[in-house]
$ cat coords14.txt   # compact mmCIF, N, CA and C atoms and all ligand atoms
# COMPACT_ATOMS: atom_id res chain seq x y z
N MET A 1 -12.57 43.82 13.28
CA MET A 1 -12.39 43.29 11.91
C MET A 1 -12.14 41.78 11.96
N GLN A 2 -13.05 41.05 11.38
CA GLN A 2 -12.87 39.60 11.31
C GLN A 2 -12.59 39.23 9.86
N ALA A 3 -12.04 38.10 9.65
CA ALA A 3 -11.87 37.64 8.27
C ALA A 3 -12.12 36.14 8.21
N VAL A 4 -12.83 35.75 7.17
CA VAL A 4 -13.03 34.32 6.92
C VAL A 4 -11.93 33.91 5.96
N ARG A 5 -11.00 33.13 6.42
CA ARG A 5 -9.86 32.77 5.59
C ARG A 5 -9.91 31.30 5.21
N ARG A 6 -9.49 31.03 3.99
CA ARG A 6 -9.35 29.65 3.55
C ARG A 6 -7.89 29.40 3.25
N ALA A 7 -7.39 28.25 3.64
CA ALA A 7 -6.00 27.89 3.34
C ALA A 7 -5.89 27.68 1.84
N ALA A 8 -4.75 28.00 1.30
CA ALA A 8 -4.40 27.84 -0.11
C ALA A 8 -4.26 29.19 -0.79
N THR A 9 -3.73 29.14 -1.99
CA THR A 9 -3.34 30.36 -2.68
C THR A 9 -4.46 30.94 -3.51
N GLY A 10 -4.47 32.25 -3.56
CA GLY A 10 -5.29 32.94 -4.54
C GLY A 10 -6.78 32.81 -4.38
N ARG A 11 -7.24 32.51 -3.19
CA ARG A 11 -8.69 32.39 -3.02
C ARG A 11 -9.25 33.64 -2.38
N HIS A 12 -10.51 33.86 -2.58
CA HIS A 12 -11.13 35.06 -2.04
C HIS A 12 -11.32 34.98 -0.54
N VAL A 13 -11.06 36.11 0.11
CA VAL A 13 -11.27 36.22 1.55
C VAL A 13 -12.25 37.36 1.75
N HIS A 14 -13.35 37.08 2.40
CA HIS A 14 -14.34 38.12 2.65
C HIS A 14 -14.14 38.66 4.05
N SER A 15 -13.75 39.91 4.15
CA SER A 15 -13.58 40.49 5.47
C SER A 15 -14.89 41.12 5.92
N VAL A 16 -15.05 41.25 7.24
CA VAL A 16 -16.28 41.77 7.81
C VAL A 16 -15.96 43.13 8.45
N ALA A 17 -16.66 44.15 8.04
CA ALA A 17 -16.39 45.52 8.51
C ALA A 17 -16.91 45.70 9.93
N ARG A 18 -16.58 46.84 10.57
CA ARG A 18 -17.03 47.15 11.93
C ARG A 18 -18.54 47.09 12.08
N SER A 19 -19.26 47.39 11.00
CA SER A 19 -20.72 47.37 11.04
C SER A 19 -21.24 45.97 11.34
N GLY A 20 -20.43 44.98 11.12
CA GLY A 20 -20.89 43.60 11.26
C GLY A 20 -21.37 43.04 9.94
N TYR A 21 -21.59 43.91 8.96
CA TYR A 21 -21.98 43.42 7.64
C TYR A 21 -20.73 42.99 6.89
N PRO A 22 -20.80 41.87 6.19
CA PRO A 22 -19.66 41.49 5.37
C PRO A 22 -19.46 42.55 4.28
N GLU A 23 -18.21 42.79 3.89
CA GLU A 23 -17.95 43.84 2.91
C GLU A 23 -18.41 43.45 1.52
N TYR A 24 -18.68 42.15 1.31
CA TYR A 24 -19.18 41.78 -0.01
C TYR A 24 -20.66 42.08 -0.16
N VAL A 25 -21.32 42.49 0.94
CA VAL A 25 -22.70 42.95 0.83
C VAL A 25 -22.63 44.41 0.39
N SER A 26 -22.94 44.62 -0.86
CA SER A 26 -22.69 45.92 -1.49
C SER A 26 -23.59 47.00 -0.92
N GLN A 27 -22.99 48.13 -0.55
CA GLN A 27 -23.71 49.35 -0.21
C GLN A 27 -24.69 49.22 0.95
N ARG A 28 -24.48 48.28 1.90
CA ARG A 28 -25.33 48.22 3.08
C ARG A 28 -24.97 49.36 4.01
N GLN A 29 -25.95 49.90 4.72
CA GLN A 29 -25.70 51.00 5.65
C GLN A 29 -25.20 50.45 6.98
N ASP A 30 -24.15 51.04 7.56
CA ASP A 30 -23.76 50.67 8.91
C ASP A 30 -24.44 51.60 9.90
N GLN A 31 -24.09 51.46 11.19
CA GLN A 31 -24.82 52.19 12.24
C GLN A 31 -24.64 53.71 12.16
N THR A 32 -23.55 54.17 11.53
CA THR A 32 -23.34 55.62 11.42
C THR A 32 -23.93 56.17 10.12
N GLY A 33 -24.55 55.30 9.37
CA GLY A 33 -25.17 55.76 8.14
C GLY A 33 -24.24 55.80 6.94
N ASP A 34 -22.99 55.38 7.16
CA ASP A 34 -22.05 55.36 6.03
C ASP A 34 -22.27 54.11 5.18
N ALA A 35 -22.11 54.28 3.92
CA ALA A 35 -22.22 53.12 3.02
C ALA A 35 -20.96 52.28 3.14
N VAL A 36 -21.11 50.98 3.03
CA VAL A 36 -19.96 50.07 3.04
C VAL A 36 -19.76 49.61 1.62
N LYS A 37 -18.62 49.98 1.05
CA LYS A 37 -18.34 49.62 -0.34
C LYS A 37 -17.99 48.15 -0.48
N GLU A 38 -18.30 47.61 -1.62
CA GLU A 38 -17.95 46.21 -1.90
C GLU A 38 -16.43 46.09 -2.00
N ARG A 39 -15.86 45.09 -1.29
CA ARG A 39 -14.41 44.86 -1.39
C ARG A 39 -14.16 43.38 -1.12
N VAL A 40 -13.65 42.71 -2.11
CA VAL A 40 -13.31 41.29 -1.96
C VAL A 40 -11.81 41.16 -2.14
N LYS A 41 -11.13 40.82 -1.04
CA LYS A 41 -9.67 40.69 -1.05
C LYS A 41 -9.28 39.32 -1.58
N THR A 42 -8.20 39.26 -2.32
CA THR A 42 -7.60 37.98 -2.70
C THR A 42 -6.23 37.93 -2.06
N GLU A 43 -6.08 37.03 -1.07
CA GLU A 43 -4.81 36.93 -0.36
C GLU A 43 -4.06 35.69 -0.80
N LYS A 44 -2.74 35.83 -0.91
CA LYS A 44 -1.90 34.68 -1.17
C LYS A 44 -1.50 34.08 0.18
N LYS A 45 -1.79 32.79 0.33
CA LYS A 45 -1.41 32.10 1.58
C LYS A 45 -0.73 30.79 1.24
N GLU A 46 0.30 30.46 2.01
CA GLU A 46 0.97 29.18 1.82
C GLU A 46 0.03 28.07 2.23
N PRO A 47 -0.08 27.01 1.42
CA PRO A 47 -0.93 25.89 1.84
C PRO A 47 -0.29 25.18 3.03
N THR A 48 -1.11 24.65 3.91
CA THR A 48 -0.56 23.92 5.05
C THR A 48 -0.68 22.41 4.84
N GLN A 49 -1.42 22.00 3.82
CA GLN A 49 -1.62 20.58 3.55
C GLN A 49 -1.27 20.28 2.08
N TYR A 50 -0.76 19.09 1.87
CA TYR A 50 -0.31 18.69 0.54
C TYR A 50 -0.85 17.30 0.19
N LYS A 51 -1.27 17.14 -1.08
CA LYS A 51 -1.77 15.86 -1.55
C LYS A 51 -0.60 15.00 -2.02
N VAL A 52 -0.59 13.76 -1.60
CA VAL A 52 0.33 12.80 -2.21
C VAL A 52 -0.47 12.10 -3.31
N VAL A 53 -0.01 12.28 -4.55
CA VAL A 53 -0.71 11.76 -5.73
C VAL A 53 0.05 10.55 -6.26
N LEU A 54 -0.68 9.46 -6.43
CA LEU A 54 -0.10 8.22 -6.96
C LEU A 54 -0.34 8.20 -8.47
N LEU A 55 0.70 7.82 -9.23
CA LEU A 55 0.60 7.82 -10.70
C LEU A 55 0.50 6.39 -11.23
N ASN A 56 -0.29 6.23 -12.27
CA ASN A 56 -0.42 4.91 -12.88
C ASN A 56 0.79 4.59 -13.76
N ASP A 57 1.05 3.34 -13.93
CA ASP A 57 2.01 2.87 -14.94
C ASP A 57 1.56 1.49 -15.38
N ASP A 58 2.24 0.93 -16.39
CA ASP A 58 1.80 -0.34 -16.96
C ASP A 58 2.45 -1.56 -16.31
N TYR A 59 3.38 -1.35 -15.39
CA TYR A 59 4.20 -2.48 -14.90
C TYR A 59 4.03 -2.83 -13.43
N THR A 60 3.78 -1.83 -12.61
CA THR A 60 3.60 -2.12 -11.18
C THR A 60 2.35 -2.98 -11.00
N THR A 61 2.44 -4.01 -10.18
CA THR A 61 1.27 -4.89 -10.01
C THR A 61 0.22 -4.20 -9.11
N MET A 62 -1.01 -4.58 -9.36
CA MET A 62 -2.11 -4.05 -8.54
C MET A 62 -1.91 -4.44 -7.08
N GLU A 63 -1.43 -5.65 -6.86
CA GLU A 63 -1.20 -6.13 -5.49
C GLU A 63 -0.18 -5.25 -4.76
N PHE A 64 0.89 -4.88 -5.47
CA PHE A 64 1.92 -4.04 -4.84
C PHE A 64 1.36 -2.67 -4.47
N VAL A 65 0.57 -2.08 -5.35
CA VAL A 65 -0.02 -0.76 -5.09
C VAL A 65 -0.95 -0.83 -3.87
N VAL A 66 -1.74 -1.90 -3.79
CA VAL A 66 -2.64 -2.08 -2.64
C VAL A 66 -1.81 -2.21 -1.35
N GLN A 67 -0.73 -2.96 -1.41
CA GLN A 67 0.16 -3.11 -0.23
C GLN A 67 0.72 -1.76 0.21
N VAL A 68 1.12 -0.94 -0.76
CA VAL A 68 1.67 0.39 -0.46
C VAL A 68 0.60 1.27 0.19
N LEU A 69 -0.58 1.24 -0.36
CA LEU A 69 -1.66 2.08 0.18
C LEU A 69 -2.03 1.66 1.61
N GLU A 70 -1.98 0.36 1.86
CA GLU A 70 -2.26 -0.11 3.22
C GLU A 70 -1.11 0.22 4.17
N GLY A 71 0.10 -0.09 3.72
CA GLY A 71 1.28 0.01 4.60
C GLY A 71 1.80 1.43 4.81
N VAL A 72 1.79 2.23 3.76
CA VAL A 72 2.35 3.59 3.85
C VAL A 72 1.27 4.62 4.17
N PHE A 73 0.08 4.42 3.61
CA PHE A 73 -0.97 5.44 3.74
C PHE A 73 -2.09 5.02 4.70
N GLN A 74 -1.89 3.89 5.38
CA GLN A 74 -2.81 3.45 6.44
C GLN A 74 -4.24 3.29 5.96
N LYS A 75 -4.43 2.84 4.71
CA LYS A 75 -5.78 2.62 4.19
C LYS A 75 -6.24 1.20 4.52
N SER A 76 -7.54 1.03 4.66
CA SER A 76 -8.12 -0.31 4.85
C SER A 76 -7.95 -1.07 3.54
N PRO A 77 -8.03 -2.40 3.57
CA PRO A 77 -7.91 -3.15 2.31
C PRO A 77 -8.92 -2.70 1.26
N ALA A 78 -10.15 -2.43 1.67
CA ALA A 78 -11.19 -2.02 0.71
C ALA A 78 -10.88 -0.64 0.11
N GLU A 79 -10.46 0.29 0.97
CA GLU A 79 -10.13 1.65 0.50
C GLU A 79 -8.88 1.62 -0.38
N ALA A 80 -7.91 0.81 0.02
CA ALA A 80 -6.67 0.68 -0.78
C ALA A 80 -7.00 0.15 -2.18
N TYR A 81 -7.87 -0.83 -2.26
CA TYR A 81 -8.26 -1.39 -3.56
C TYR A 81 -8.99 -0.35 -4.39
N ARG A 82 -9.88 0.41 -3.74
CA ARG A 82 -10.65 1.45 -4.43
C ARG A 82 -9.71 2.51 -5.01
N ILE A 83 -8.75 2.99 -4.23
CA ILE A 83 -7.81 4.02 -4.70
C ILE A 83 -6.95 3.47 -5.84
N MET A 84 -6.46 2.22 -5.65
CA MET A 84 -5.62 1.61 -6.69
C MET A 84 -6.38 1.54 -8.02
N MET A 85 -7.65 1.11 -7.97
CA MET A 85 -8.45 1.01 -9.20
C MET A 85 -8.71 2.39 -9.81
N HIS A 86 -8.89 3.38 -8.94
CA HIS A 86 -9.09 4.76 -9.42
C HIS A 86 -7.84 5.22 -10.19
N VAL A 87 -6.67 4.96 -9.62
CA VAL A 87 -5.41 5.36 -10.29
C VAL A 87 -5.25 4.58 -11.59
N HIS A 88 -5.52 3.29 -11.55
CA HIS A 88 -5.42 2.42 -12.73
C HIS A 88 -6.30 2.94 -13.87
N GLN A 89 -7.51 3.37 -13.54
CA GLN A 89 -8.47 3.79 -14.56
C GLN A 89 -8.35 5.26 -14.96
N ASN A 90 -7.84 6.10 -14.05
CA ASN A 90 -7.81 7.55 -14.32
C ASN A 90 -6.41 8.13 -14.49
N GLY A 91 -5.40 7.30 -14.26
CA GLY A 91 -4.02 7.77 -14.45
C GLY A 91 -3.36 8.32 -13.21
N ARG A 92 -4.16 8.78 -12.27
CA ARG A 92 -3.63 9.37 -11.03
C ARG A 92 -4.72 9.39 -9.97
N GLY A 93 -4.30 9.51 -8.72
CA GLY A 93 -5.28 9.55 -7.64
C GLY A 93 -4.62 9.94 -6.33
N ILE A 94 -5.42 10.44 -5.41
CA ILE A 94 -4.90 10.92 -4.13
C ILE A 94 -4.75 9.76 -3.14
N ALA A 95 -3.52 9.56 -2.69
CA ALA A 95 -3.25 8.53 -1.68
C ALA A 95 -3.51 9.06 -0.28
N GLY A 96 -3.33 10.38 -0.10
CA GLY A 96 -3.55 10.99 1.22
C GLY A 96 -3.19 12.47 1.20
N VAL A 97 -3.60 13.18 2.26
CA VAL A 97 -3.31 14.62 2.40
C VAL A 97 -2.61 14.84 3.74
N TYR A 98 -1.44 15.51 3.69
CA TYR A 98 -0.58 15.61 4.88
C TYR A 98 0.15 16.96 4.92
N PRO A 99 0.70 17.31 6.10
CA PRO A 99 1.64 18.42 6.16
C PRO A 99 2.86 18.12 5.27
N TRP A 100 3.54 19.18 4.83
CA TRP A 100 4.64 19.03 3.85
C TRP A 100 5.65 17.93 4.18
N GLU A 101 6.20 17.94 5.36
CA GLU A 101 7.28 16.99 5.66
C GLU A 101 6.79 15.54 5.69
N VAL A 102 5.55 15.34 6.11
CA VAL A 102 4.95 14.00 6.11
C VAL A 102 4.74 13.54 4.67
N ALA A 103 4.22 14.43 3.83
CA ALA A 103 3.98 14.11 2.41
C ALA A 103 5.30 13.74 1.73
N GLU A 104 6.35 14.51 2.01
CA GLU A 104 7.68 14.25 1.43
C GLU A 104 8.19 12.87 1.82
N THR A 105 8.04 12.53 3.10
CA THR A 105 8.51 11.23 3.60
C THR A 105 7.71 10.09 2.96
N LYS A 106 6.41 10.27 2.80
CA LYS A 106 5.57 9.22 2.16
C LYS A 106 6.06 8.97 0.73
N VAL A 107 6.32 10.08 -0.01
CA VAL A 107 6.79 9.94 -1.40
C VAL A 107 8.12 9.20 -1.43
N GLU A 108 9.03 9.54 -0.53
CA GLU A 108 10.33 8.86 -0.47
C GLU A 108 10.16 7.39 -0.15
N THR A 109 9.25 7.08 0.76
CA THR A 109 9.01 5.67 1.14
C THR A 109 8.44 4.88 -0.04
N VAL A 110 7.47 5.46 -0.73
CA VAL A 110 6.87 4.80 -1.90
C VAL A 110 7.95 4.55 -2.96
N THR A 111 8.74 5.58 -3.24
CA THR A 111 9.79 5.49 -4.26
C THR A 111 10.80 4.41 -3.90
N SER A 112 11.19 4.37 -2.64
CA SER A 112 12.16 3.39 -2.16
C SER A 112 11.62 1.96 -2.23
N LEU A 113 10.38 1.77 -1.75
CA LEU A 113 9.76 0.43 -1.80
C LEU A 113 9.65 -0.04 -3.26
N ALA A 114 9.23 0.87 -4.14
CA ALA A 114 9.05 0.53 -5.56
C ALA A 114 10.40 0.15 -6.18
N ARG A 115 11.43 0.93 -5.89
CA ARG A 115 12.76 0.66 -6.45
C ARG A 115 13.25 -0.72 -6.02
N HIS A 116 13.11 -1.02 -4.73
CA HIS A 116 13.55 -2.33 -4.22
C HIS A 116 12.77 -3.48 -4.85
N ALA A 117 11.49 -3.24 -5.15
CA ALA A 117 10.68 -4.29 -5.77
C ALA A 117 10.80 -4.27 -7.29
N GLN A 118 11.61 -3.33 -7.79
CA GLN A 118 11.83 -3.15 -9.23
C GLN A 118 10.55 -2.82 -10.00
N PHE A 119 9.74 -1.92 -9.39
CA PHE A 119 8.56 -1.39 -10.08
C PHE A 119 8.76 0.11 -10.32
N PRO A 120 8.18 0.63 -11.40
CA PRO A 120 8.37 2.06 -11.71
C PRO A 120 7.35 2.98 -11.03
N LEU A 121 6.61 2.46 -10.04
CA LEU A 121 5.58 3.24 -9.35
C LEU A 121 6.13 4.58 -8.87
N ARG A 122 5.38 5.64 -9.13
CA ARG A 122 5.78 7.00 -8.72
C ARG A 122 4.67 7.71 -7.97
N ALA A 123 5.07 8.58 -7.07
CA ALA A 123 4.14 9.44 -6.34
C ALA A 123 4.68 10.87 -6.38
N THR A 124 3.78 11.83 -6.41
CA THR A 124 4.19 13.24 -6.44
C THR A 124 3.39 14.01 -5.38
N ILE A 125 3.83 15.24 -5.13
CA ILE A 125 3.15 16.10 -4.14
C ILE A 125 2.49 17.27 -4.85
N GLU A 126 1.26 17.57 -4.46
CA GLU A 126 0.56 18.75 -4.97
C GLU A 126 -0.05 19.54 -3.82
N GLU A 127 -0.22 20.81 -4.04
CA GLU A 127 -0.89 21.66 -3.04
C GLU A 127 -2.32 21.18 -2.84
N ALA A 128 -2.73 21.10 -1.59
CA ALA A 128 -4.11 20.63 -1.32
C ALA A 128 -5.12 21.75 -1.55
N1 LIG B 201 -1.80 -0.22 -14.14
C1 LIG B 201 -1.21 -1.25 -13.28
C2 LIG B 201 -1.52 -2.63 -13.82
O1 LIG B 201 -2.41 -2.76 -14.67
C3 LIG B 201 -1.73 -1.15 -11.85
C4 LIG B 201 -1.38 0.13 -11.18
C5 LIG B 201 -2.33 0.83 -10.44
C6 LIG B 201 -0.08 0.66 -11.26
C7 LIG B 201 -2.01 2.00 -9.77
C8 LIG B 201 0.25 1.85 -10.62
O2 LIG B 201 -0.39 3.69 -9.20
C9 LIG B 201 -0.71 2.52 -9.87
N2 LIG B 201 -0.80 -3.64 -13.36
$ encode --input "coords14.txt" --output "structure tokens" --more "lines below"
Ligand code: TYC
Amino acid sequence: MQAVRRAATGRHVHSVARSGYPEYVSQRQDQTGDAVKERVKTEKKEPTQYKVVLLNDDYTTMEFVVQVLEGVFQKSPAEAYRIMMHVHQNGRGIAGVYPWEVAETKVETVTSLARHAQFPLRATIEEA
């Protein structure tokens, strides 16, 4: 019994029966002549990766956001500018995807840098 699993919650997992045919192939005959019924499992799995999402505001300078993206999220100057403009125009954007504890630390670092610079810049964590 094999299973093709995807990380994250509530997604379909297609298991493969002993016949070698995936169970989502409806009514295929296996080697003993038995029909294989359609069965699509939905498993709940804890995500292993988390998105750090940067939020737009009207006061943080574009330069500061670019500095944060370069310094905290290890983006190149061009990529940092691209992400900053995406957040500016769309209200939010992904700064990076990390394991939980790394994502948490990045958010704390952004919040701390922003507070010291007296900007309201915020970052949040979402399931990847
Ligand atoms: N909207 C800000 C400005 O016009 C720039 C900005 C971009 C702020 C991204 C926050 O996450 C942000 N100065």
$ residues_near_ligand --input "coords14.txt" --ligand "ligand LIG 201 (chain B)" --cutoff "7 Å" --atoms "all atoms listed in the file" --output "PyMOL selection string"
chain A and resi 54-63+65+83-89+91-92+121-122
$ closest_residue --input "coords14.txt" --among "A:Glu127, A:Thr111, A:Asn90, A:Lys106" --to "Val72 (chain A)" --atoms "only N, CA and C atoms"
A:Lys106
$ closest_atom_pairs --input "coords14.txt" --of "region 33-74 of chain A" --to "region 101-104 of chain A" --cutoff "9 Å" --atoms "only C-alpha atoms" --output "CSV"
residue,atom,partner,partner_atom,distance
A:Gln49,CA,A:Ala103,CA,8.6
A:Tyr50,CA,A:Ala103,CA,6.5
A:Lys51,CA,A:Ala103,CA,7.2
A:Val52,CA,A:Ala103,CA,6.0
$ atom_distance --input "coords14.txt" --atom1 "atom C of Val110 (chain A)" --atom2 "atom C of Glu46 (chain A)"
25.4 Å
$ atom_distance --input "coords14.txt" --atom1 "CA of Ser112 (chain A)" --atom2 "CA of Pro47 (chain A)"
26.3 Å
$ axis_aligned_box --input "coords14.txt" --around "region 93-112 of chain A" --padding-each-side "3 Å" --output "JSON"
{"center_x": 3.4, "center_y": 10.6, "center_z": -1.3, "size_x": 23.6, "size_y": 23.2, "size_z": 20.9}
$ atom_distance --input "coords14.txt" --atom1 "atom N of Phe73 (chain A)" --atom2 "atom C of Ala95 (chain A)"
7.0 Å
$ select_by_dssp --input "coords14.txt" --residues "region 33-120 of chain A" --states "alpha helix (DSSP H)" --output "NGL selection string"
:A and (62-71 or 77-90 or 100-116)
